[in-house]
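**Q** Attaching a single structure in structure tokens format; questions to follow.
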Amino acid sequence: MKKSLMLIMAMVLTFTLAACGQASNGGTAAGNTTSSSSPSTEPSAEPSAEASSLTGSILATGSSALQPLVDQASKMFMEKNSGVTIQVQGGGSGTGLTQVSEGQANIGNSDVYAEEKLDADKAKALVDHQVAVVAMAAVVNKEVKVDNLTKQQLVDIFTGKVTNWKDLGGDDAAIVIVNRPASSGTRATFEKYALGQKSEDLQGSIQEDSSGTVKKIIGETPGAIGYLALSYLDDSIKSVSYDGVAANVENVANGTYPVWAYEHMYTKGEPDAASKAFLEYMMSDEIQNDKGLVVELGYIPTSQMQVVRDLDGNITKK
Amino acid sequence: MAQTIPKKTAGNGRSAGKNHFVEEWVGKVYTTLCVLFLVATIIAMVYFVASRGLSTFFKDHVNVFELLGGLKWSPEGSPPSFGAFPFIFGSFSTSLLAALLAAPLSICASIFMIEITPKFGRKFLQPVIELLAGIPSVVYGFIGLSVIVPLFRDIFPGQGLGVAAGALVLSIMILPTMTTVATDALASLPAGLKEGSYALGATRWQTIYRVVIPTTLPSLMTGVVLGIARAFGEALAVQMVIGNAPFVPRSLFESASTLTSAITLSMGNTAAGSTHNNALWSLALILMLMTFVFVFIVRWLEGRSKL
């Protein structure tokens, strides 16, 4: 009996410790890969029989919103350049920026500008590569009879001033807010460009980090409202217009719909040859054109954008 | 691998004494190395979590009592505030409630398996309950989100997400832990005690609740505490069904948050070294200290269970 007890105790200990250590796992693994691979990133002197002589290994880590695009693109890139291995990991924008800044990863994926997460001097060392644009729409449960929300109405909802849909022209039903955690890049984008201010966490509101879960909860909960990237929109939920402008690719591209952000791939200083080639491939016509990966996965190609926006949010025509 | 080599030569019958010496030595060195590695890992882990978690107080000058007792968690606000009490409350309420739900079930299940239907129980019921331990927590979370939450939303006021849903999901997850420990405790009870009771003319039920349960109670409690420890550390399944608003809930069916869900929601989005990130490590430190407390309680209960 004592033996089995010890065994279970050991198991419980392992599980709890494993749960505690999980967050740091990515860090150590990433550290290992880069340290072991960094010598090989230099172009090899050996003549190669392949068409491409590019060799090296790249670790790209960070934003889970950008992960599917980078993951798919890396596979296509590796098919063309068999000498290069690319590892793509998630972990969140904060992880990506931290790891690229500390040299543990070659590329740090992020939904937000590095300046918004890192200290100014650390952010200055990073080089920004904007590979796509992601737009977000306010979404509601299908039963909600509201099709358009103004900026002020959204602010009222997300600050708890308005708590019933009847005050916004809908049915008499309580508003259930499905928010992102305060540190989330998606929430930062939504607050910055849709609300124009920070929103407080409200008692009774729901917070989820995965877009899939957010969609499921909004789809099932009467009176629910939240926000999702355009690529997640489907029939299970309803997207509402913002100040009368529908959330779609055309309106984002021509600058009339403001709730969007760049997807960044940061490198520390100028990238090495392999990373540089990969980033160039990300921006190539093959990935960015109308039938390319970017469009296929629900992002908006930067080439389609008729406006550019700087770090402070100033929009200028291209 | 290394151990099989001396064994083979020993089989040849030549200088057996010397080979036994080598065998002994290899075994000793191997186990010692493993233990040293384990100890180093644990110390490194404790040091890592503590150094990050404590820098919230020493480097960022957050008040310890504000973190433990504060009600407002708003690390990105201006000014930021780090009140983690809602998370501590959420963790304790969900895991204690889960234990309250699961303990009677698992103790009854183990009594049924050992005392009432030993053959069916050992052959069929126990493997089935142990299977529950092998299901990944994301599956539990998804089932909770797809079945329990809509059910609660229809029956009770609120959105269904909350402490009650979290506790129910956790109670199923900790069933195997509690049942296995309880079953072992009951099975290891000396037969003489029960036979004595029967010899006095007691019925089976009288024997169970007058003899079996009182004598194994410390071991049964050990299982309950281990279950609570497991529930306390569970992150993903709870995160999916509890709602995660950083507030002390006003009802069982209102969104709440636990230490683990607060960590998993924000850890990846914060840059290492920032105050927000350090504060999350402080939450991890609280979790780790609580694990130590649970291990302590288990040790203490074990000391009392000597028959």
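Ligands are numbered from 1 in the order shown, residues from 1 within each chain, and chains are lettered A, B, ... in the order they appear in the structure tokens.
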With 7 Å as the limit and counting only C-alpha atoms, what residues in chain A lie close to chain B? Please list them as a PDB file with C-alpha atoms, in the first residue's frame.
**A**
ATOM      1  CA  MET A   1       0.000   0.000   0.000  1.00  0.00           C
ATOM      2  CA  LEU A   5       0.923   5.526  -2.477  1.00  0.00           C
ATOM      3  CA  VAL A  12       0.957  13.795  -8.784  1.00  0.00           C
ATOM      4  CA  THR A  16       1.948  19.372 -10.985  1.00  0.00           C
ATOM      5  CA  CYS A  20       4.309  24.535 -13.595  1.00  0.00           C
ATOM      6  CA  GLY A  91       3.560  30.485 -27.472  1.00  0.00           C
ATOM      7  CA  GLY A  92       2.163  33.978 -27.859  1.00  0.00           C
ATOM      8  CA  SER A  93       3.468  37.326 -29.055  1.00  0.00           C
ATOM      9  CA  GLY A  94       5.213  38.031 -25.746  1.00  0.00           C
ATOM     10  CA  THR A  95       7.151  34.789 -25.968  1.00  0.00           C
ATOM     11  CA  LEU A  97       9.367  38.953 -28.884  1.00  0.00           C
ATOM     12  CA  THR A  98      11.253  37.891 -25.756  1.00  0.00           C
ATOM     13  CA  LYS A 117       5.732  44.820 -25.202  1.00  0.00           C
ATOM     14  CA  LEU A 118       9.469  45.330 -24.789  1.00  0.00           C
ATOM     15  CA  PRO A 181      -7.062  38.396 -21.437  1.00  0.00           C
ATOM     16  CA  ALA A 182      -5.585  41.835 -20.803  1.00  0.00           C
ATOM     17  CA  SER A 183      -2.217  40.821 -22.270  1.00  0.00           C
ATOM     18  CA  SER A 184      -3.634  39.520 -25.555  1.00  0.00           C
ATOM     19  CA  ASP A 201     -12.340  43.459 -16.991  1.00  0.00           C
ATOM     20  CA  GLN A 203     -17.357  41.040 -13.143  1.00  0.00           C
ATOM     21  CA  GLY A 204     -19.271  38.231 -14.796  1.00  0.00           C
ATOM     22  CA  SER A 205     -17.554  38.690 -18.158  1.00  0.00           C
ATOM     23  CA  ILE A 206     -15.897  35.705 -19.809  1.00  0.00           C
ATOM     24  CA  GLN A 207     -12.251  35.560 -20.850  1.00  0.00           C
ATOM     25  CA  ASP A 209      -7.641  33.039 -25.181  1.00  0.00           C
ATOM     26  CA  THR A 221     -24.507  31.844 -25.323  1.00  0.00           C
TER      27      THR A 221
END
**Q** Report as a PDB file with C-alpha atoms, in the first residue's frame all protein, DNA and RNA residues lying within 9 Å of segment 75-79 of chain A, evaluated on only C-alpha atoms, omitting residues in the same chain fewer than 5 positions from it.
**A**
ATOM      1  CA  VAL A  70       4.278  30.797 -41.081  1.00  0.00           C
ATOM      2  CA  VAL A  84      17.076  24.663 -44.679  1.00  0.00           C
ATOM      3  CA  THR A  85      15.033  23.422 -41.732  1.00  0.00           C
ATOM      4  CA  ILE A  86      12.455  25.731 -40.228  1.00  0.00           C
ATOM      5  CA  PHE A 278      12.610  32.872 -45.841  1.00  0.00           C
ATOM      6  CA  TYR A 281       9.752  34.210 -49.588  1.00  0.00           C
ATOM      7  CA  MET A 282       7.006  35.264 -47.143  1.00  0.00           C
TER       8      MET A 282
END
**Q** For Glu143 of chain A, find every residue with an atom within 9 Å (counting only C-alpha atoms), except residues of its own chain fewer than 4 positions away, and show them as a list in words.
**A**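 Once the nearby chain positions are removed, what remains is Pro222, Gly223 and Lys238 of chain A.
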**Q** Can I get the selected residues back with all heavy atoms, as an mmCIF file, in the first residue's frame?
**A**
data_model
loop_
_atom_site.group_PDB
_atom_site.id
_atom_site.type_symbol
_atom_site.label_atom_id
_atom_site.label_comp_id
_atom_site.auth_asym_id
_atom_site.auth_seq_id
_atom_site.Cartn_x
_atom_site.Cartn_y
_atom_site.Cartn_z
ATOM 1 N N PRO A 222 -26.682 32.985 -25.395
ATOM 2 C CA PRO A 222 -27.585 34.059 -25.816
ATOM 3 C C PRO A 222 -27.055 35.415 -25.350
ATOM 4 O O PRO A 222 -26.604 35.553 -24.222
ATOM 5 C CB PRO A 222 -28.891 33.723 -25.103
ATOM 6 C CG PRO A 222 -28.780 32.291 -24.697
ATOM 7 C CD PRO A 222 -27.338 32.019 -24.506
ATOM 8 N N GLY A 223 -27.092 36.389 -26.228
ATOM 9 C CA GLY A 223 -26.679 37.740 -25.859
ATOM 10 C C GLY A 223 -25.182 37.959 -25.799
ATOM 11 O O GLY A 223 -24.728 38.974 -25.289
ATOM 12 N N LYS A 238 -22.532 35.893 -35.786
ATOM 13 C CA LYS A 238 -22.899 36.988 -36.678
ATOM 14 C C LYS A 238 -21.924 38.137 -36.460
ATOM 15 O O LYS A 238 -21.685 38.535 -35.329
ATOM 16 C CB LYS A 238 -24.317 37.438 -36.343
ATOM 17 C CG LYS A 238 -24.893 38.440 -37.310
ATOM 18 C CD LYS A 238 -26.373 38.648 -37.053
ATOM 19 C CE LYS A 238 -26.592 39.858 -36.178
ATOM 20 N NZ LYS A 238 -28.008 40.192 -36.005
#
**Q** Could you write out, as a compact mmCIF listing (two decimals) with all heavy atoms, in the first residue's frame, all the residues of segment 102-165 of chain B that DSSP marks as helix (DSSP H, G or I)?
**A**
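Once everything was written out, this is states-v4.txt:
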# COMPACT_ATOMS: atom_id res chain seq x y z
N ALA B 102 -16.42 14.39 -5.43
CA ALA B 102 -15.79 13.14 -5.87
C ALA B 102 -15.52 12.19 -4.72
O ALA B 102 -15.53 10.96 -4.92
CB ALA B 102 -14.49 13.45 -6.61
N ALA B 103 -15.27 12.70 -3.50
CA ALA B 103 -14.88 11.82 -2.40
C ALA B 103 -15.92 10.75 -2.08
O ALA B 103 -15.57 9.56 -2.02
CB ALA B 103 -14.54 12.65 -1.16
N PRO B 104 -17.20 11.11 -1.88
CA PRO B 104 -18.17 10.05 -1.60
C PRO B 104 -18.25 9.03 -2.72
O PRO B 104 -18.29 7.82 -2.47
CB PRO B 104 -19.50 10.80 -1.48
CG PRO B 104 -19.17 12.23 -1.35
CD PRO B 104 -17.82 12.44 -1.93
N LEU B 105 -18.22 9.52 -3.97
CA LEU B 105 -18.31 8.61 -5.12
C LEU B 105 -17.15 7.62 -5.12
O LEU B 105 -17.35 6.41 -5.26
CB LEU B 105 -18.27 9.41 -6.42
CG LEU B 105 -19.53 10.17 -6.79
CD1 LEU B 105 -19.30 10.94 -8.09
CD2 LEU B 105 -20.69 9.21 -6.96
N SER B 106 -15.94 8.14 -4.94
CA SER B 106 -14.78 7.25 -5.08
C SER B 106 -14.66 6.31 -3.88
O SER B 106 -14.29 5.15 -4.05
CB SER B 106 -13.51 8.07 -5.25
OG SER B 106 -13.37 8.98 -4.20
N ILE B 107 -14.99 6.79 -2.68
CA ILE B 107 -14.91 5.90 -1.51
C ILE B 107 -15.96 4.80 -1.62
O ILE B 107 -15.68 3.62 -1.37
CB ILE B 107 -15.05 6.71 -0.21
CG1 ILE B 107 -13.80 7.60 -0.03
CG2 ILE B 107 -15.23 5.79 0.99
CD1 ILE B 107 -13.89 8.56 1.12
N CYS B 108 -17.16 5.16 -2.04
CA CYS B 108 -18.20 4.15 -2.23
C CYS B 108 -17.80 3.16 -3.32
O CYS B 108 -18.00 1.96 -3.19
CB CYS B 108 -19.54 4.80 -2.59
SG CYS B 108 -20.28 5.64 -1.21
N ALA B 109 -17.21 3.68 -4.40
CA ALA B 109 -16.80 2.80 -5.50
C ALA B 109 -15.76 1.79 -5.00
O ALA B 109 -15.83 0.61 -5.33
CB ALA B 109 -16.22 3.62 -6.64
N SER B 110 -14.81 2.25 -4.17
CA SER B 110 -13.78 1.33 -3.74
C SER B 110 -14.33 0.33 -2.72
O SER B 110 -13.92 -0.84 -2.72
CB SER B 110 -12.59 2.09 -3.17
OG SER B 110 -13.01 2.97 -2.18
N ILE B 111 -15.28 0.75 -1.87
CA ILE B 111 -15.90 -0.22 -0.95
C ILE B 111 -16.65 -1.28 -1.76
O ILE B 111 -16.57 -2.48 -1.49
CB ILE B 111 -16.87 0.51 0.01
CG1 ILE B 111 -16.07 1.31 1.03
CG2 ILE B 111 -17.78 -0.49 0.72
CD1 ILE B 111 -16.91 2.19 1.91
N PHE B 112 -17.34 -0.82 -2.80
CA PHE B 112 -18.08 -1.74 -3.66
C PHE B 112 -17.12 -2.74 -4.30
O PHE B 112 -17.38 -3.94 -4.34
CB PHE B 112 -18.80 -0.93 -4.74
CG PHE B 112 -19.68 -1.75 -5.65
CD1 PHE B 112 -20.93 -2.17 -5.23
CD2 PHE B 112 -19.25 -2.10 -6.92
CE1 PHE B 112 -21.74 -2.91 -6.06
CE2 PHE B 112 -20.05 -2.85 -7.76
CZ PHE B 112 -21.31 -3.25 -7.32
N MET B 113 -15.98 -2.26 -4.76
CA MET B 113 -15.05 -3.13 -5.47
C MET B 113 -14.36 -4.12 -4.54
O MET B 113 -14.12 -5.26 -4.91
CB MET B 113 -13.98 -2.28 -6.17
CG MET B 113 -14.48 -1.66 -7.44
SD MET B 113 -13.14 -0.96 -8.37
CE MET B 113 -12.68 0.41 -7.38
N ILE B 114 -14.03 -3.70 -3.32
CA ILE B 114 -13.24 -4.55 -2.44
C ILE B 114 -14.15 -5.42 -1.56
O ILE B 114 -13.92 -6.62 -1.40
CB ILE B 114 -12.32 -3.70 -1.55
CG1 ILE B 114 -11.35 -2.91 -2.42
CG2 ILE B 114 -11.56 -4.58 -0.56
CD1 ILE B 114 -10.40 -3.75 -3.23
N GLU B 115 -15.16 -4.80 -0.98
CA GLU B 115 -15.95 -5.52 0.03
C GLU B 115 -17.16 -6.23 -0.55
O GLU B 115 -17.62 -7.23 -0.01
CB GLU B 115 -16.42 -4.53 1.11
CG GLU B 115 -15.30 -3.76 1.79
CD GLU B 115 -14.39 -4.67 2.62
OE1 GLU B 115 -14.86 -5.74 3.03
OE2 GLU B 115 -13.22 -4.30 2.82
N ILE B 116 -17.73 -5.70 -1.61
CA ILE B 116 -19.01 -6.25 -2.06
C ILE B 116 -18.87 -7.14 -3.30
O ILE B 116 -19.35 -8.26 -3.31
CB ILE B 116 -20.03 -5.11 -2.29
CG1 ILE B 116 -20.25 -4.40 -0.94
CG2 ILE B 116 -21.35 -5.65 -2.83
CD1 ILE B 116 -21.11 -3.19 -0.99
N PRO B 118 -15.73 -8.24 -5.15
CA PRO B 118 -14.29 -8.22 -5.41
C PRO B 118 -13.94 -8.64 -6.84
O PRO B 118 -13.07 -8.05 -7.48
CB PRO B 118 -13.71 -9.21 -4.40
CG PRO B 118 -14.77 -9.38 -3.38
CD PRO B 118 -16.08 -9.15 -4.06
N LYS B 119 -14.62 -9.66 -7.38
CA LYS B 119 -14.22 -10.18 -8.69
C LYS B 119 -14.56 -9.21 -9.81
O LYS B 119 -13.70 -8.80 -10.57
CB LYS B 119 -14.93 -11.52 -8.92
CG LYS B 119 -13.96 -12.61 -9.30
CD LYS B 119 -14.70 -13.87 -9.56
CE LYS B 119 -13.70 -14.98 -9.87
NZ LYS B 119 -14.39 -16.28 -9.90
N PHE B 120 -15.84 -8.82 -9.85
CA PHE B 120 -16.31 -7.89 -10.88
C PHE B 120 -15.57 -6.56 -10.76
O PHE B 120 -15.14 -5.98 -11.75
CB PHE B 120 -17.82 -7.70 -10.70
CG PHE B 120 -18.41 -6.60 -11.53
CD1 PHE B 120 -18.65 -6.80 -12.89
CD2 PHE B 120 -18.72 -5.37 -10.97
CE1 PHE B 120 -19.19 -5.78 -13.65
CE2 PHE B 120 -19.26 -4.35 -11.74
CZ PHE B 120 -19.50 -4.56 -13.08
N GLY B 121 -15.41 -6.11 -9.52
CA GLY B 121 -14.76 -4.83 -9.27
C GLY B 121 -13.34 -4.80 -9.77
O GLY B 121 -12.94 -3.92 -10.51
N ARG B 122 -12.57 -5.83 -9.36
CA ARG B 122 -11.15 -5.84 -9.72
C ARG B 122 -10.95 -6.03 -11.22
O ARG B 122 -10.03 -5.49 -11.80
CB ARG B 122 -10.45 -6.98 -8.97
CG ARG B 122 -10.14 -6.61 -7.54
CD ARG B 122 -8.72 -6.13 -7.47
NE ARG B 122 -8.61 -5.00 -6.59
CZ ARG B 122 -7.59 -4.81 -5.74
NH1 ARG B 122 -6.64 -5.70 -5.66
NH2 ARG B 122 -7.54 -3.73 -5.02
N LYS B 123 -11.84 -6.84 -11.80
CA LYS B 123 -11.64 -7.20 -13.21
C LYS B 123 -12.17 -6.13 -14.15
O LYS B 123 -11.61 -5.89 -15.20
CB LYS B 123 -12.36 -8.53 -13.50
CG LYS B 123 -11.42 -9.70 -13.51
CD LYS B 123 -12.07 -10.84 -14.26
CE LYS B 123 -11.11 -11.99 -14.43
NZ LYS B 123 -11.78 -13.28 -14.24
N PHE B 124 -13.28 -5.50 -13.78
CA PHE B 124 -13.96 -4.63 -14.72
C PHE B 124 -13.97 -3.17 -14.27
O PHE B 124 -13.54 -2.27 -14.99
CB PHE B 124 -15.38 -5.15 -14.94
CG PHE B 124 -16.18 -4.31 -15.89
CD1 PHE B 124 -15.91 -4.35 -17.26
CD2 PHE B 124 -17.19 -3.48 -15.42
CE1 PHE B 124 -16.64 -3.57 -18.13
CE2 PHE B 124 -17.92 -2.70 -16.30
CZ PHE B 124 -17.65 -2.75 -17.66
N LEU B 125 -14.46 -2.94 -13.04
CA LEU B 125 -14.69 -1.57 -12.60
C LEU B 125 -13.40 -0.77 -12.44
O LEU B 125 -13.31 0.37 -12.87
CB LEU B 125 -15.46 -1.61 -11.27
CG LEU B 125 -16.43 -0.47 -11.03
CD1 LEU B 125 -17.41 -0.34 -12.19
CD2 LEU B 125 -17.21 -0.69 -9.73
N GLN B 126 -12.39 -1.42 -11.83
CA GLN B 126 -11.15 -0.67 -11.56
C GLN B 126 -10.45 -0.21 -12.85
O GLN B 126 -10.07 0.94 -12.95
CB GLN B 126 -10.21 -1.50 -10.70
CG GLN B 126 -9.18 -0.62 -10.01
CD GLN B 126 -8.38 -1.38 -8.98
OE1 GLN B 126 -8.45 -2.60 -8.88
NE2 GLN B 126 -7.62 -0.64 -8.19
N PRO B 127 -10.30 -1.12 -13.85
CA PRO B 127 -9.70 -0.65 -15.10
C PRO B 127 -10.47 0.49 -15.73
O PRO B 127 -9.89 1.43 -16.28
CB PRO B 127 -9.73 -1.89 -16.00
CG PRO B 127 -9.83 -3.03 -15.08
CD PRO B 127 -10.56 -2.56 -13.87
N VAL B 128 -11.81 0.43 -15.63
CA VAL B 128 -12.63 1.48 -16.24
C VAL B 128 -12.36 2.81 -15.55
O VAL B 128 -12.17 3.85 -16.19
CB VAL B 128 -14.13 1.12 -16.15
CG1 VAL B 128 -14.99 2.32 -16.49
CG2 VAL B 128 -14.43 -0.02 -17.09
N ILE B 129 -12.31 2.77 -14.21
CA ILE B 129 -12.06 4.03 -13.48
C ILE B 129 -10.65 4.53 -13.76
O ILE B 129 -10.43 5.73 -13.92
CB ILE B 129 -12.31 3.82 -11.97
CG1 ILE B 129 -13.81 3.64 -11.73
CG2 ILE B 129 -11.79 5.00 -11.16
CD1 ILE B 129 -14.19 3.29 -10.33
N GLU B 130 -9.71 3.60 -13.86
CA GLU B 130 -8.34 4.03 -14.13
C GLU B 130 -8.21 4.62 -15.53
O GLU B 130 -7.33 5.46 -15.78
CB GLU B 130 -7.36 2.86 -13.94
CG GLU B 130 -7.01 2.69 -12.47
CD GLU B 130 -6.43 1.32 -12.14
OE1 GLU B 130 -6.19 0.54 -13.09
OE2 GLU B 130 -6.25 1.04 -10.95
N LEU B 131 -9.09 4.18 -16.45
CA LEU B 131 -9.08 4.75 -17.80
C LEU B 131 -9.33 6.26 -17.76
O LEU B 131 -8.80 7.01 -18.57
CB LEU B 131 -10.17 4.10 -18.64
CG LEU B 131 -9.78 2.97 -19.57
CD1 LEU B 131 -10.99 2.51 -20.36
CD2 LEU B 131 -8.68 3.41 -20.52
N LEU B 132 -10.16 6.68 -16.80
CA LEU B 132 -10.48 8.10 -16.68
C LEU B 132 -9.22 8.94 -16.53
O LEU B 132 -9.16 10.09 -16.96
CB LEU B 132 -11.39 8.35 -15.47
CG LEU B 132 -12.86 7.95 -15.59
CD1 LEU B 132 -13.57 8.22 -14.28
CD2 LEU B 132 -13.53 8.71 -16.71
N ALA B 133 -8.19 8.34 -15.87
CA ALA B 133 -6.95 9.09 -15.63
C ALA B 133 -6.19 9.32 -16.93
O ALA B 133 -5.40 10.24 -17.03
CB ALA B 133 -6.08 8.35 -14.63
N GLY B 134 -6.44 8.46 -17.93
CA GLY B 134 -5.66 8.56 -19.16
C GLY B 134 -6.22 9.53 -20.18
O GLY B 134 -5.58 9.83 -21.17
N SER B 137 -6.66 16.28 -20.57
CA SER B 137 -7.54 17.26 -19.92
C SER B 137 -8.27 18.15 -20.92
O SER B 137 -9.34 18.64 -20.63
CB SER B 137 -6.76 18.10 -18.92
OG SER B 137 -5.59 18.57 -19.47
N VAL B 138 -7.70 18.30 -22.14
CA VAL B 138 -8.41 19.12 -23.12
C VAL B 138 -9.73 18.47 -23.50
O VAL B 138 -10.73 19.14 -23.77
CB VAL B 138 -7.53 19.39 -24.37
CG1 VAL B 138 -7.23 18.11 -25.11
CG2 VAL B 138 -8.18 20.40 -25.29
N VAL B 139 -9.76 17.13 -23.46
CA VAL B 139 -11.00 16.41 -23.77
C VAL B 139 -12.03 16.68 -22.67
O VAL B 139 -13.20 16.97 -22.95
CB VAL B 139 -10.72 14.90 -23.91
CG1 VAL B 139 -12.02 14.14 -24.09
CG2 VAL B 139 -9.79 14.65 -25.08
N TYR B 140 -11.58 16.62 -21.41
CA TYR B 140 -12.48 16.95 -20.31
C TYR B 140 -13.02 18.37 -20.46
O TYR B 140 -14.21 18.63 -20.27
CB TYR B 140 -11.75 16.83 -18.97
CG TYR B 140 -11.63 15.42 -18.47
CD1 TYR B 140 -10.42 14.76 -18.48
CD2 TYR B 140 -12.74 14.76 -17.97
CE1 TYR B 140 -10.30 13.47 -18.02
CE2 TYR B 140 -12.63 13.47 -17.50
CZ TYR B 140 -11.40 12.82 -17.52
OH TYR B 140 -11.31 11.55 -17.07
N GLY B 141 -12.12 19.28 -20.80
CA GLY B 141 -12.52 20.67 -20.96
C GLY B 141 -13.56 20.83 -22.06
O GLY B 141 -14.55 21.53 -21.90
N PHE B 142 -13.32 20.14 -23.16
CA PHE B 142 -14.23 20.27 -24.29
C PHE B 142 -15.60 19.66 -23.98
O PHE B 142 -16.63 20.22 -24.32
CB PHE B 142 -13.62 19.61 -25.54
CG PHE B 142 -14.32 20.03 -26.80
CD1 PHE B 142 -14.14 21.31 -27.28
CD2 PHE B 142 -15.15 19.17 -27.46
CE1 PHE B 142 -14.80 21.72 -28.44
CE2 PHE B 142 -15.81 19.56 -28.61
CZ PHE B 142 -15.63 20.84 -29.10
N ILE B 143 -15.57 18.51 -23.29
CA ILE B 143 -16.85 17.91 -22.90
C ILE B 143 -17.57 18.84 -21.93
O ILE B 143 -18.79 19.07 -22.04
CB ILE B 143 -16.61 16.52 -22.25
CG1 ILE B 143 -16.09 15.55 -23.30
CG2 ILE B 143 -17.91 15.99 -21.64
CD1 ILE B 143 -15.66 14.21 -22.75
N GLY B 144 -16.82 19.42 -21.01
CA GLY B 144 -17.42 20.37 -20.07
C GLY B 144 -18.07 21.53 -20.80
O GLY B 144 -19.19 21.94 -20.50
N LEU B 145 -17.35 22.04 -21.80
CA LEU B 145 -17.83 23.21 -22.55
C LEU B 145 -19.03 22.86 -23.43
O LEU B 145 -19.92 23.67 -23.64
CB LEU B 145 -16.68 23.74 -23.42
CG LEU B 145 -16.81 25.14 -24.00
CD1 LEU B 145 -16.96 26.15 -22.89
CD2 LEU B 145 -15.60 25.46 -24.84
N SER B 146 -19.05 21.62 -23.92
CA SER B 146 -20.11 21.24 -24.86
C SER B 146 -21.33 20.64 -24.16
O SER B 146 -22.43 20.69 -24.70
CB SER B 146 -19.60 20.21 -25.87
OG SER B 146 -18.40 20.62 -26.41
N VAL B 147 -21.14 20.04 -22.98
CA VAL B 147 -22.25 19.35 -22.32
C VAL B 147 -22.66 20.05 -21.02
O VAL B 147 -23.82 20.44 -20.85
CB VAL B 147 -21.88 17.87 -22.02
CG1 VAL B 147 -23.04 17.17 -21.34
CG2 VAL B 147 -21.48 17.16 -23.30
N ILE B 148 -21.69 20.23 -20.12
CA ILE B 148 -22.04 20.73 -18.79
C ILE B 148 -22.45 22.20 -18.84
O ILE B 148 -23.46 22.59 -18.25
CB ILE B 148 -20.84 20.52 -17.82
CG1 ILE B 148 -20.61 19.02 -17.65
CG2 ILE B 148 -21.12 21.17 -16.47
CD1 ILE B 148 -19.34 18.69 -16.92
N VAL B 149 -21.69 23.02 -19.57
CA VAL B 149 -21.98 24.46 -19.60
C VAL B 149 -23.37 24.74 -20.18
O VAL B 149 -24.16 25.47 -19.56
CB VAL B 149 -20.86 25.22 -20.33
CG1 VAL B 149 -21.27 26.65 -20.62
CG2 VAL B 149 -19.58 25.21 -19.51
N PRO B 150 -23.73 24.18 -21.36
CA PRO B 150 -25.09 24.44 -21.87
C PRO B 150 -26.17 23.93 -20.91
O PRO B 150 -27.20 24.58 -20.74
CB PRO B 150 -25.13 23.66 -23.18
CG PRO B 150 -23.73 23.51 -23.59
CD PRO B 150 -22.94 23.41 -22.33
N LEU B 151 -25.90 22.79 -20.26
CA LEU B 151 -26.88 22.23 -19.32
C LEU B 151 -27.10 23.19 -18.16
O LEU B 151 -28.23 23.53 -17.79
CB LEU B 151 -26.37 20.89 -18.81
CG LEU B 151 -27.33 20.07 -17.97
CD1 LEU B 151 -28.37 19.43 -18.87
CD2 LEU B 151 -26.59 19.00 -17.18
N PHE B 152 -26.00 23.68 -17.58
CA PHE B 152 -26.09 24.63 -16.47
C PHE B 152 -26.76 25.93 -16.90
O PHE B 152 -27.47 26.55 -16.14
CB PHE B 152 -24.69 24.93 -15.90
CG PHE B 152 -24.19 23.87 -14.95
CD1 PHE B 152 -24.89 22.69 -14.79
CD2 PHE B 152 -23.03 24.07 -14.23
CE1 PHE B 152 -24.44 21.72 -13.92
CE2 PHE B 152 -22.57 23.10 -13.35
CZ PHE B 152 -23.28 21.92 -13.20
N ARG B 153 -26.48 26.34 -18.16
CA ARG B 153 -27.06 27.60 -18.65
C ARG B 153 -28.58 27.48 -18.73
O ARG B 153 -29.30 28.43 -18.46
CB ARG B 153 -26.46 27.92 -20.01
CG ARG B 153 -26.88 29.29 -20.53
CD ARG B 153 -26.02 29.70 -21.70
NE ARG B 153 -25.92 28.65 -22.69
CZ ARG B 153 -24.80 28.27 -23.27
NH1 ARG B 153 -23.67 28.86 -22.97
NH2 ARG B 153 -24.79 27.30 -24.18
N ASP B 154 -29.06 26.28 -19.10
CA ASP B 154 -30.50 26.09 -19.22
C ASP B 154 -31.16 25.99 -17.85
O ASP B 154 -32.27 26.45 -17.66
CB ASP B 154 -30.79 24.81 -20.03
CG ASP B 154 -30.40 24.99 -21.48
OD1 ASP B 154 -30.22 26.15 -21.89
OD2 ASP B 154 -30.25 23.98 -22.19
N ILE B 155 -30.48 25.35 -16.89
CA ILE B 155 -31.12 25.08 -15.60
C ILE B 155 -30.98 26.26 -14.65
O ILE B 155 -31.92 26.65 -13.96
CB ILE B 155 -30.51 23.81 -14.95
CG1 ILE B 155 -30.67 22.61 -15.90
CG2 ILE B 155 -31.19 23.51 -13.62
CD1 ILE B 155 -29.98 21.36 -15.42
N VAL B 163 -17.69 28.48 -11.35
CA VAL B 163 -17.09 27.58 -10.37
C VAL B 163 -17.76 26.21 -10.41
O VAL B 163 -17.10 25.17 -10.34
CB VAL B 163 -17.17 28.20 -8.96
CG1 VAL B 163 -16.70 27.21 -7.92
CG2 VAL B 163 -16.35 29.46 -8.90
N ALA B 164 -19.09 26.19 -10.54
CA ALA B 164 -19.81 24.91 -10.51
C ALA B 164 -19.38 24.02 -11.66
O ALA B 164 -19.08 22.83 -11.47
CB ALA B 164 -21.31 25.15 -10.55
N ALA B 165 -19.31 24.58 -12.86
CA ALA B 165 -18.90 23.78 -14.02
C ALA B 165 -17.46 23.30 -13.85
O ALA B 165 -17.15 22.13 -14.13
CB ALA B 165 -19.03 24.61 -15.30
**Q** Can you pull out the residues contacting Phe158 of chain A? Cut-off 10 Å, using only C-alpha atoms, and skip same-chain residues under 3 positions away; I want them as a PyMOL selection string.
**A** chain A and resi 152-155+161-163+175-179+191+195+198-202+205+225-226
